[in-house]
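Colleague: One file: entry-v5.txt (compact mmCIF, C-alpha atoms (C1' of nucleotides)).
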# COMPACT_ATOMS: atom_id res chain seq x y z
CA MET I 1 52.61 170.68 65.26
CA SER I 2 49.45 170.05 63.41
CA THR I 3 48.78 166.37 63.48
CA SER I 4 45.42 166.93 61.87
CA SER I 5 44.35 167.36 58.30
CA ARG I 6 41.16 169.15 59.19
CA PHE I 7 42.15 172.42 57.61
CA ALA I 8 43.34 170.79 54.41
CA VAL I 9 40.17 168.74 54.13
CA ALA I 10 37.95 171.72 54.85
CA VAL I 11 39.62 173.76 52.13
CA HIS I 12 39.25 170.83 49.78
CA VAL I 13 35.54 170.53 50.56
CA LEU I 14 34.76 174.20 50.06
CA THR I 15 36.81 174.25 46.89
CA LEU I 16 34.73 171.40 45.54
CA MET I 17 31.58 173.37 46.25
CA ALA I 18 32.92 176.46 44.56
CA TRP I 19 33.85 174.28 41.63
CA ALA I 20 30.35 172.80 41.56
CA ASP I 21 28.98 176.31 41.20
CA ASP I 22 25.96 176.38 43.53
CA GLU I 23 24.81 172.87 42.82
CA PRO I 24 24.35 171.04 46.16
CA LEU I 25 26.85 168.23 46.69
CA LYS I 26 26.13 165.03 48.61
CA SER I 27 28.46 164.08 51.42
CA GLU I 28 29.06 160.76 49.71
CA HIS I 29 30.25 162.50 46.60
CA VAL I 30 32.51 164.86 48.51
CA ALA I 31 33.94 161.96 50.47
CA GLU I 32 34.90 160.28 47.24
CA SER I 33 36.96 163.24 46.13
CA VAL I 34 38.59 163.65 49.54
CA ASN I 35 39.07 159.90 49.76
CA THR I 36 37.53 159.40 53.17
CA ASN I 37 34.30 158.35 54.82
CA ALA I 38 31.10 160.30 54.26
CA VAL I 39 30.50 160.64 57.99
CA VAL I 40 33.82 162.40 58.41
CA ILE I 41 32.69 164.87 55.78
CA ARG I 42 29.27 165.34 57.32
CA ARG I 43 30.84 166.05 60.70
CA MET I 44 32.98 168.69 59.13
CA LEU I 45 30.07 170.13 57.17
CA CYS I 46 28.23 170.63 60.45
CA GLU I 47 31.09 172.72 61.77
CA LEU I 48 31.28 174.68 58.55
CA ALA I 49 27.53 175.23 58.68
CA GLU I 50 27.77 176.52 62.25
CA SER I 51 30.27 179.06 61.01
CA LYS I 52 27.87 179.96 58.19
CA LEU I 53 30.24 178.92 55.45
CA VAL I 54 27.98 176.26 53.96
CA VAL I 55 24.29 175.45 54.02
CA SER I 56 23.00 171.90 53.98
CA GLN I 57 19.65 170.45 53.16
CA SER I 58 18.37 167.10 54.37
CA GLY I 59 16.21 164.70 52.47
CA ALA I 60 16.10 163.50 48.95
CA MET I 61 17.87 165.76 46.50
CA GLY I 62 19.56 167.37 49.48
CA GLY I 63 23.22 168.23 49.86
CA SER I 64 25.50 171.10 50.81
CA LYS I 65 26.67 174.20 49.05
CA LEU I 66 28.51 177.41 49.85
CA ALA I 67 26.62 179.92 51.95
CA ARG I 68 28.34 182.85 50.21
CA GLU I 69 30.26 183.58 47.06
CA PRO I 70 33.72 181.94 46.87
CA GLU I 71 35.40 185.35 46.93
CA GLN I 72 33.69 186.09 50.25
CA ILE I 73 35.19 183.08 52.02
CA THR I 74 38.78 183.36 53.19
CA LEU I 75 41.02 180.57 54.38
CA LEU I 76 40.99 182.33 57.73
CA ASP I 77 37.24 181.78 57.95
CA ILE I 78 37.83 178.10 57.32
CA TYR I 79 40.72 177.90 59.73
CA GLN I 80 38.67 179.44 62.50
CA ALA I 81 35.76 177.15 61.72
CA VAL I 82 37.63 173.87 61.99
CA GLU I 83 40.74 174.48 64.11
CA ASN I 84 40.15 175.76 67.58
CA ARG I 85 43.66 176.08 68.92
CA GLY I 86 46.61 178.28 68.10
CA VAL I 87 49.46 176.78 66.16
CA PHE I 88 51.45 175.93 69.29
CA SER I 89 50.47 174.70 72.72
CA LEU I 90 51.90 175.56 76.07
CA HIS I 91 53.12 173.06 78.66
CA ARG I 92 50.93 170.07 79.32
CA HIS I 93 51.21 170.67 83.03
CA PRO I 94 51.87 174.19 84.37
CA PRO I 95 55.55 174.75 85.20
CA ASN I 96 56.96 175.05 88.69
CA ARG I 97 55.72 178.21 90.37
CA HIS I 98 58.66 178.28 92.70
CA CYS I 99 61.12 178.76 89.86
CA PRO I 100 61.67 182.32 88.63
CA VAL I 101 61.62 181.12 85.03
CA GLY I 102 58.81 178.62 85.46
CA VAL I 103 56.47 181.08 87.05
CA ASN I 104 56.68 183.60 84.21
CA ILE I 105 57.61 181.71 81.07
CA GLY I 106 53.94 181.15 80.32
CA THR I 107 53.28 184.85 80.04
CA VAL I 108 56.16 185.42 77.68
CA LEU I 109 55.34 182.35 75.62
CA ASN I 110 51.75 183.45 75.26
CA GLU I 111 52.92 186.76 73.88
CA VAL I 112 55.15 184.99 71.38
CA LEU I 113 52.51 182.49 70.37
CA ASP I 114 50.06 185.29 69.84
CA GLU I 115 52.49 186.92 67.46
CA VAL I 116 52.74 183.64 65.59
CA ASP I 117 49.00 183.16 65.46
CA THR I 118 48.55 186.68 64.18
CA ALA I 119 51.08 186.13 61.43
CA VAL I 120 49.34 182.94 60.34
CA GLU I 121 45.98 184.63 60.35
CA ARG I 122 47.27 187.49 58.27
CA VAL I 123 48.36 185.07 55.56
CA LEU I 124 45.12 183.10 55.60
CA ALA I 125 42.95 186.21 55.57
CA ASN I 126 44.40 187.19 52.21
CA ILE I 127 43.45 184.04 50.36
CA THR I 128 39.88 183.26 49.32
CA ILE I 129 38.29 180.11 48.03
CA LYS I 130 38.01 181.84 44.70
CA ASP I 131 41.78 182.28 44.72
CA VAL I 132 42.21 178.60 45.40
CA VAL I 133 39.92 177.70 42.52
CA SER I 134 41.81 179.92 40.12
CA ARG I 135 45.16 178.61 41.32
CA LEU I 136 43.73 175.17 40.65
CA GLN I 137 42.80 175.76 37.04
CA PRO I 138 46.24 176.04 35.45
CA CYS I 139 47.45 172.95 37.28
CA VAL I 140 47.62 169.97 35.08
CA SER I 141 48.62 166.72 36.71
CA THR I 142 51.91 168.01 38.08
CA VAL I 143 54.01 166.45 40.76
CA MET I 144 52.80 167.22 44.25
CA SER I 145 54.64 167.98 47.43
CA LYS I 146 57.15 170.74 47.13
CA ARG I 147 56.79 171.71 50.77
CA LYS I 148 59.81 172.45 52.85
CA HIS I 149 58.61 170.36 55.73
CA VAL I 150 57.57 167.29 53.87
CA ALA I 151 54.56 165.60 55.36
CA LYS I 152 54.79 161.87 55.49
CA GLN I 153 51.15 161.20 54.69
CA GLN I 154 51.54 162.16 51.05
CA PRO I 155 53.21 158.97 49.85
CA VAL I 156 53.19 159.94 46.21
CA VAL I 157 50.00 159.41 44.30
CA SER I 158 50.43 156.03 42.78
CA ALA I 159 48.95 154.91 39.53
CA GLY I 160 46.72 152.20 40.81
CA ASN I 161 43.65 153.45 42.71
CA MET Y 1 46.96 172.04 65.14
CA SER Y 2 49.83 171.60 67.44
CA THR Y 3 48.94 169.00 69.96
CA SER Y 4 52.45 169.04 71.37
CA SER Y 5 54.15 171.23 73.88
CA ARG Y 6 57.62 170.45 72.56
CA PHE Y 7 58.33 173.96 71.37
CA ALA Y 8 57.12 175.54 74.60
CA VAL Y 9 59.18 173.16 76.69
CA ALA Y 10 62.28 173.64 74.55
CA VAL Y 11 62.07 177.41 74.90
CA HIS Y 12 61.60 176.97 78.62
CA VAL Y 13 64.67 174.76 78.86
CA LEU Y 14 66.95 177.08 76.94
CA THR Y 15 65.67 180.05 78.88
CA LEU Y 16 66.61 178.30 82.09
CA MET Y 17 70.11 177.80 80.78
CA ALA Y 18 70.44 181.40 79.73
CA TRP Y 19 69.21 182.36 83.18
CA ALA Y 20 71.76 180.06 84.79
CA ASP Y 21 74.47 181.93 82.95
CA ASP Y 22 76.83 179.22 81.69
CA GLU Y 23 76.57 176.99 84.75
CA PRO Y 24 75.66 173.45 83.59
CA LEU Y 25 72.18 172.34 84.65
CA LYS Y 26 71.21 168.79 85.52
CA SER Y 27 68.27 167.26 83.70
CA GLU Y 28 66.67 166.57 87.05
CA HIS Y 29 66.82 170.21 87.96
CA VAL Y 30 65.43 171.34 84.62
CA ALA Y 31 62.63 168.78 84.89
CA GLU Y 32 61.62 170.27 88.19
CA SER Y 33 61.16 173.69 86.69
CA VAL Y 34 59.29 172.37 83.68
CA ASN Y 35 57.30 170.05 85.91
CA THR Y 36 57.91 166.87 84.02
CA ASN Y 37 60.12 163.79 84.04
CA ALA Y 38 63.88 164.07 83.70
CA VAL Y 39 63.94 161.58 80.83
CA VAL Y 40 61.60 163.73 78.81
CA ILE Y 41 64.05 166.57 79.29
CA ARG Y 42 67.06 164.46 78.42
CA ARG Y 43 65.38 163.30 75.23
CA MET Y 44 64.78 166.88 74.26
CA LEU Y 45 68.31 167.89 75.21
CA CYS Y 46 69.63 165.28 72.80
CA GLU Y 47 67.69 166.88 69.97
CA LEU Y 48 68.86 170.32 70.99
CA ALA Y 49 72.42 169.06 71.14
CA GLU Y 50 72.15 167.60 67.65
CA SER Y 51 71.14 171.04 66.45
CA LYS Y 52 74.12 172.50 68.30
CA LEU Y 53 72.02 174.62 70.60
CA VAL Y 54 73.23 173.03 73.83
CA VAL Y 55 76.20 170.98 74.94
CA SER Y 56 75.94 168.26 77.53
CA GLN Y 57 78.50 166.55 79.64
CA SER Y 58 78.08 163.12 81.19
CA GLY Y 59 79.39 162.02 84.51
CA ALA Y 60 79.59 163.55 87.93
CA MET Y 61 79.32 167.33 87.92
CA GLY Y 62 77.92 167.01 84.40
CA GLY Y 63 74.92 168.78 82.94
CA SER Y 64 73.89 170.88 79.97
CA LYS Y 65 74.39 174.47 79.00
CA LEU Y 66 73.91 176.69 75.98
CA ALA Y 67 76.27 176.11 73.09
CA ARG Y 68 76.21 179.79 72.15
CA GLU Y 69 75.32 183.13 73.65
CA PRO Y 70 71.58 183.62 74.30
CA GLU Y 71 71.44 186.41 71.71
CA GLN Y 72 72.73 183.96 69.09
CA ILE Y 73 69.85 181.53 69.54
CA THR Y 74 66.55 182.38 67.91
CA LEU Y 75 63.20 180.76 68.51
CA LEU Y 76 63.38 179.62 64.90
CA ASP Y 77 66.48 177.61 65.74
CA ILE Y 78 64.56 175.97 68.55
CA TYR Y 79 61.48 175.40 66.44
CA GLN Y 80 63.49 173.69 63.74
CA ALA Y 81 65.30 171.59 66.31
CA VAL Y 82 62.23 170.13 67.98
CA GLU Y 83 59.35 170.37 65.51
CA ASN Y 84 59.80 168.63 62.22
CA ARG Y 85 56.56 169.35 60.46
CA GLY Y 86 54.96 172.48 59.12
CA VAL Y 87 52.12 174.01 61.04
CA PHE Y 88 49.47 172.25 58.98
CA SER Y 89 49.27 168.80 57.44
CA LEU Y 90 47.77 167.69 54.19
CA HIS Y 91 45.23 164.92 53.75
CA ARG Y 92 45.85 161.71 55.65
CA HIS Y 93 45.24 159.74 52.46
CA PRO Y 94 45.86 161.31 49.05
CA PRO Y 95 42.66 162.62 47.46
CA ASN Y 96 40.95 161.07 44.47
CA ARG Y 97 43.07 161.44 41.36
CA HIS Y 98 40.06 161.12 39.13
CA CYS Y 99 38.52 164.31 40.46
CA PRO Y 100 39.72 167.58 38.92
CA VAL Y 101 39.85 169.18 42.35
CA GLY Y 102 41.28 166.18 44.18
CA VAL Y 103 44.13 165.73 41.76
CA ASN Y 104 45.44 169.28 42.14
CA ILE Y 105 44.36 170.56 45.51
CA GLY Y 106 47.55 169.22 47.06
CA THR Y 107 49.71 171.45 44.93
CA VAL Y 108 47.74 174.55 45.79
CA LEU Y 109 47.56 173.65 49.47
CA ASN Y 110 51.29 173.12 49.59
CA GLU Y 111 51.82 176.59 48.22
CA VAL Y 112 49.52 178.04 50.83
CA LEU Y 113 51.01 176.06 53.68
CA ASP Y 114 54.46 177.16 52.63
CA GLU Y 115 53.34 180.77 52.87
CA VAL Y 116 52.07 180.05 56.36
CA ASP Y 117 55.26 178.30 57.41
CA THR Y 118 57.32 181.17 56.09
CA ALA Y 119 55.27 183.69 58.04
CA VAL Y 120 55.72 181.69 61.22
CA GLU Y 121 59.42 181.36 60.66
CA ARG Y 122 59.78 185.07 60.07
CA VAL Y 123 58.27 185.79 63.46
CA LEU Y 124 60.36 183.21 65.27
CA ALA Y 125 63.58 184.29 63.60
CA ASN Y 126 63.24 187.72 65.15
CA ILE Y 127 63.11 186.58 68.75
CA THR Y 128 66.18 185.35 70.61
CA ILE Y 129 66.52 183.57 73.91
CA LYS Y 130 68.04 186.75 75.24
CA ASP Y 131 64.83 188.56 74.30
CA VAL Y 132 62.82 185.96 76.17
CA VAL Y 133 64.99 186.38 79.25
CA SER Y 134 64.61 190.13 79.21
CA ARG Y 135 60.88 189.88 78.67
CA LEU Y 136 60.88 187.59 81.67
CA GLN Y 137 62.60 189.96 84.06
CA PRO Y 138 59.88 192.58 84.48
CA CYS Y 139 57.23 189.92 85.02
CA VAL Y 140 56.29 189.59 88.59
CA SER Y 141 53.78 186.90 89.42
CA THR Y 142 51.11 188.12 87.02
CA VAL Y 143 48.12 186.22 85.76
CA MET Y 144 48.92 183.92 82.88
CA SER Y 145 47.00 183.07 79.76
CA LYS Y 146 45.96 186.04 77.72
CA ARG Y 147 46.05 184.09 74.46
CA LYS Y 148 43.31 184.43 71.93
CA HIS Y 149 43.04 180.71 71.42
CA VAL Y 150 42.98 179.61 75.00
CA ALA Y 151 44.74 176.32 75.53
CA LYS Y 152 42.96 174.00 77.86
CA GLN Y 153 46.07 172.62 79.49
CA GLN Y 154 46.83 175.83 81.34
CA PRO Y 155 44.15 175.53 83.98
CA VAL Y 156 45.17 178.68 85.86
CA VAL Y 157 48.08 178.34 88.21
CA SER Y 158 46.39 177.61 91.48
CA ALA Y 159 47.84 178.33 94.88
CA GLY Y 160 48.23 174.82 96.12
CA ASN Y 161 50.77 172.76 94.24
C1' DG V 1 90.72 151.63 91.38
C1' DG V 2 86.23 152.26 92.89
C1' DC V 3 82.30 154.89 94.10
C1' DA V 4 78.77 158.24 93.23
C1' DA V 5 76.62 161.33 90.12
C1' DC V 6 75.52 162.25 85.84
C1' DT V 7 73.83 161.51 80.63
C1' DG V 8 72.01 158.61 76.83
C1' DT V 9 68.75 155.43 75.48
C1' DA V 10 65.67 151.43 75.16
C1' DA V 11 61.35 149.56 76.32
C1' DC V 12 57.17 149.96 77.97
C1' DT V 13 52.69 152.18 79.47
C1' DA V 14 49.27 155.88 79.66
C1' DT V 15 46.65 159.37 77.49
C1' DA V 16 44.74 162.19 73.94
C1' DT V 17 43.38 163.24 69.39
C1' DT V 18 41.99 162.22 64.97
C1' DG V 19 39.91 159.58 61.69
C1' DG V 20 37.13 155.56 60.16
C1' DT V 21 32.95 152.70 60.68
C1' DT V 22 28.29 151.16 61.67
C1' DA V 23 23.90 152.28 62.83
C1' DC V 24 19.88 154.79 63.03
C1' DA V 25 16.56 158.77 63.71
C1' DG V 26 14.68 162.54 61.29
C1' DA V 27 13.89 165.51 57.03
C1' DC V 28 12.11 165.85 52.62
C1' DG V 29 10.96 165.35 47.60
C1' DA V 30 8.40 162.60 44.38
C1' DT L 1 4.83 156.25 52.02
C1' DC L 2 9.03 155.14 50.02
C1' DG L 3 13.73 156.13 48.89
C1' DT L 4 17.36 159.38 49.50
C1' DC L 5 19.56 162.41 51.99
C1' DT L 6 21.65 164.76 56.56
C1' DG L 7 22.74 164.75 61.58
C1' DT L 8 24.59 162.35 65.23
C1' DA L 9 25.77 158.85 68.62
C1' DA L 10 28.69 155.12 69.76
C1' DC L 11 32.40 152.65 69.02
C1' DC L 12 37.11 151.09 67.21
C1' DA L 13 41.73 151.85 65.12
C1' DA L 14 45.81 154.40 64.43
C1' DT L 15 49.07 157.69 65.78
C1' DA L 16 51.69 160.87 68.60
C1' DT L 17 53.16 162.63 72.81
C1' DA L 18 54.38 162.25 77.37
C1' DG L 19 55.55 159.68 81.54
C1' DT L 20 58.06 155.82 83.77
C1' DT L 21 61.49 152.31 84.89
C1' DA L 22 65.69 150.46 84.06
C1' DC L 23 70.30 150.30 82.89
C1' DA L 24 74.77 150.96 80.26
C1' DG L 25 78.35 154.23 79.72
C1' DT L 26 81.05 158.62 81.34
C1' DT L 27 83.33 161.31 84.39
C1' DG L 28 85.03 163.62 88.65
C1' DC L 29 86.75 162.77 93.06
C1' DC L 30 88.39 160.22 97.05
So, in terms of structure tokens, how does the structure I just supplied come out?
Modeller:
Amino acid sequence: MSTSSRFAVAVHVLTLMAWADDEPLKSEHVAESVNTNAVVIRRMLCELAESKLVVSQSGAMGGSKLAREPEQITLLDIYQAVENRGVFSLHRHPPNRHCPVGVNIGTVLNEVLDEVDTAVERVLANITIKDVVSRLQPCVSTVMSKRKHVAKQQPVVSAGN
Amino acid sequence: MSTSSRFAVAVHVLTLMAWADDEPLKSEHVAESVNTNAVVIRRMLCELAESKLVVSQSGAMGGSKLAREPEQITLLDIYQAVENRGVFSLHRHPPNRHCPVGVNIGTVLNEVLDEVDTAVERVLANITIKDVVSRLQPCVSTVMSKRKHVAKQQPVVSAGN
DNA sequence: GGCAACTGTAACTATATTGGTTACAGACGA
DNA sequence: TCGTCTGTAACCAATATAGTTACAGTTGCC
């Protein structure tokens, strides 16, 4: 499954901008919050700008901010901006055409995977960046990671950094 | 997103077994249909066996077959057997704890990603291997790949291989 | 018992994707 | 025109998946 954190980072970035309330943020500053390199952020900002979710300005006093109001940006918009594949992939190499299953499994799988993609999109379409910001507010420094499928890259936020 | 074809291959494998109707299949034979190496298949069969979806027998005249009836095996069972992460990942490195967004975005994201996972699981739980087999039957050699997010590894099944 | 046909598994390589880094050209405000 | 930004290319590192070879262990059959 997803081996990338692109969606999570993109949501983080846009949430920061909503939080900053129309003040342009520098990539360096965003990178500090995300805890990554500024170039990684700028690359992502380019994609988000192409999808008209943010606008950036070069030069001194430049930076990036949301292109629309936080309530007008859904997580589906973000997902489509930064992830270009469905949630599952098909076979790396096409199956054997001379096998009755192999020749047709792709068609059936595509139908199934479309159902999955649609379900995911329906969830994401119902959540806006504004929702994320308001869900953020009541959170004090609680313990993270209550996910069912625990991701290994969240090694507990330690006290010393 | 998913950069792996594990789920697709696993569904393919179990569909073959349902098609074979209780006759044990050799990994070599399965690999031919999937168009991959027999060891890749055997590795996957081990995982499927651990999840009690297939049973394998060593030795001459050995092979693998379904552990239950095709209508008792859902795509969710398969998904859980071969994919161990949710559909999205969080940040590679934990975000900055000193940022009001960074410190809490993980909690909110986990909630969202759980909603997504649940939606995916709901879809997969409603489809059995028997369903896949029956969806397979009417398919004659039609054109593949009608997915919205077109995967690049399905380069149209050409006539000459 | 001994052979041949299987599975299970380790060890290694190949390939792809993502993310991190350095470097620099171009934009722009002061 | 100088300093501060973005945009982007070029490269490296890390990780995950898949493919391959090799071989030990099981099992049916003669």
Colleague: Which neighbours of Y:Val112 fall inside 12 Å, counting all atoms listed in the file, when residues of the same chain fewer than 2 positions from it are skipped, and could you give them as number ranges by chain?
Modeller: I: 7-8, 11, 75-76, 120, 123-129, 131-132, 135, 145-148; Y: 86-90, 105-110, 114-119
Colleague: Compute the set of chain Y residues within 9 Å of chain V, using only C-alpha atoms (C1' of nucleotides), and express it as a short mmCIF file (atom, residue, chain, number, x, y, z; two decimals) with C-alpha atoms, in the coordinates of the input.
Modeller:
data_model
loop_
_atom_site.label_atom_id
_atom_site.label_comp_id
_atom_site.auth_asym_id
_atom_site.auth_seq_id
_atom_site.Cartn_x
_atom_site.Cartn_y
_atom_site.Cartn_z
CA THR Y 3 48.94 169.00 69.96
CA LYS Y 26 71.21 168.79 85.52
CA SER Y 27 68.27 167.26 83.70
CA ARG Y 42 67.06 164.46 78.42
CA ARG Y 43 65.38 163.30 75.23
CA CYS Y 46 69.63 165.28 72.80
CA SER Y 56 75.94 168.26 77.53
CA GLN Y 57 78.50 166.55 79.64
CA SER Y 58 78.08 163.12 81.19
CA GLY Y 59 79.39 162.02 84.51
CA ALA Y 60 79.59 163.55 87.93
CA MET Y 61 79.32 167.33 87.92
CA GLY Y 62 77.92 167.01 84.40
CA GLY Y 63 74.92 168.78 82.94
CA ARG Y 92 45.85 161.71 55.65
#
Colleague: Set the cut-off to 8 Å and count only C-alpha atoms (C1' of nucleotides): what are the residues of chain L that reach chain Y? Output as a count of residues only.
Modeller: 6
Colleague: Got a sec to check which residues sit within 9 Å of (61.6, 174.4, 89.8), counting all atoms listed in the file, and write them as a short mmCIF file (atom, residue, chain, number, x, y, z; two decimals) with C-alpha atoms, in the coordinates of the input?
Modeller:
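Output below, filename out_26.cif:
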data_model
loop_
_atom_site.label_atom_id
_atom_site.label_comp_id
_atom_site.auth_asym_id
_atom_site.auth_seq_id
_atom_site.Cartn_x
_atom_site.Cartn_y
_atom_site.Cartn_z
CA PRO I 95 55.55 174.75 85.20
CA ASN I 96 56.96 175.05 88.69
CA ARG I 97 55.72 178.21 90.37
CA HIS I 98 58.66 178.28 92.70
CA CYS I 99 61.12 178.76 89.86
CA PRO I 100 61.67 182.32 88.63
CA VAL I 101 61.62 181.12 85.03
CA GLY I 102 58.81 178.62 85.46
CA VAL I 103 56.47 181.08 87.05
CA HIS Y 29 66.82 170.21 87.96
CA VAL Y 30 65.43 171.34 84.62
CA ALA Y 31 62.63 168.78 84.89
CA GLU Y 32 61.62 170.27 88.19
CA SER Y 33 61.16 173.69 86.69
CA VAL Y 34 59.29 172.37 83.68
CA ASN Y 35 57.30 170.05 85.91
#
Colleague: Can you tell me how far atom CA of I:Glu47 sits from atom CA of I:Ala81, in Å to one decimal?
Modeller: 6.4 Å
Colleague: Of the residues I:Arg68, I:His12, I:Lys130, I:Lys52, which is the one nearest to chain Y, using all atoms listed in the file?
Modeller: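 Using all atoms listed in the file, the shortest distance to chain Y belongs to I:His12.
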Colleague: Which residue gives the smallest distance to chain I among Y:Leu16, Y:Ala10, Y:Ile78, Y:Leu45, with only C-alpha atoms counted?
Modeller: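 Checking each of Y:Leu16, Y:Ala10, Y:Ile78, Y:Leu45 against chain I, counting only C-alpha atoms, the winner is Y:Leu16.
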Colleague: Ranking Y:Val13, Y:Leu53, Y:Ile73, Y:Leu66 by minimum distance to chain I and counting only C-alpha atoms, which one comes first?
Modeller: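 Result for the nearest residue to chain I: Y:Val13.
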Colleague: Record the distance separating atom CA of I:Val82 and atom CA of Y:Pro94, expressed in Å with one decimal.
Modeller: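 Between atom CA of I:Val82 and atom CA of Y:Pro94 the gap works out to 19.8 Å.
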Colleague: In Å, rounded to a single decimal, give me how far atom CA of I:Thr74 is from atom CA of I:Asp21.
Modeller: 17.0 Å
Colleague: Rank I:Ala49, I:Val133, I:Val54, I:Leu25 by their smallest atom-to-atom distance to chain Y, using only C-alpha atoms, and report the top residue only.
Modeller: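 For chain Y, the nearest of the given residues is I:Val133.
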Colleague: Using only C-alpha atoms, can you tell me which of Y:Leu48, Y:Val55, Y:Ile41, Y:Leu113 comes closest to chain I?
Modeller: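 Nearest candidate to chain I out of Y:Leu48, Y:Val55, Y:Ile41, Y:Leu113: Y:Leu113.
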Colleague: For chain I, which residue out of Y:His91, Y:Ser134, Y:Arg122, Y:Lys65 is the nearest one, using all atoms listed in the file?
Modeller: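 Of Y:His91, Y:Ser134, Y:Arg122, Y:Lys65, the one nearest chain I, counting all atoms listed in the file, is Y:His91.
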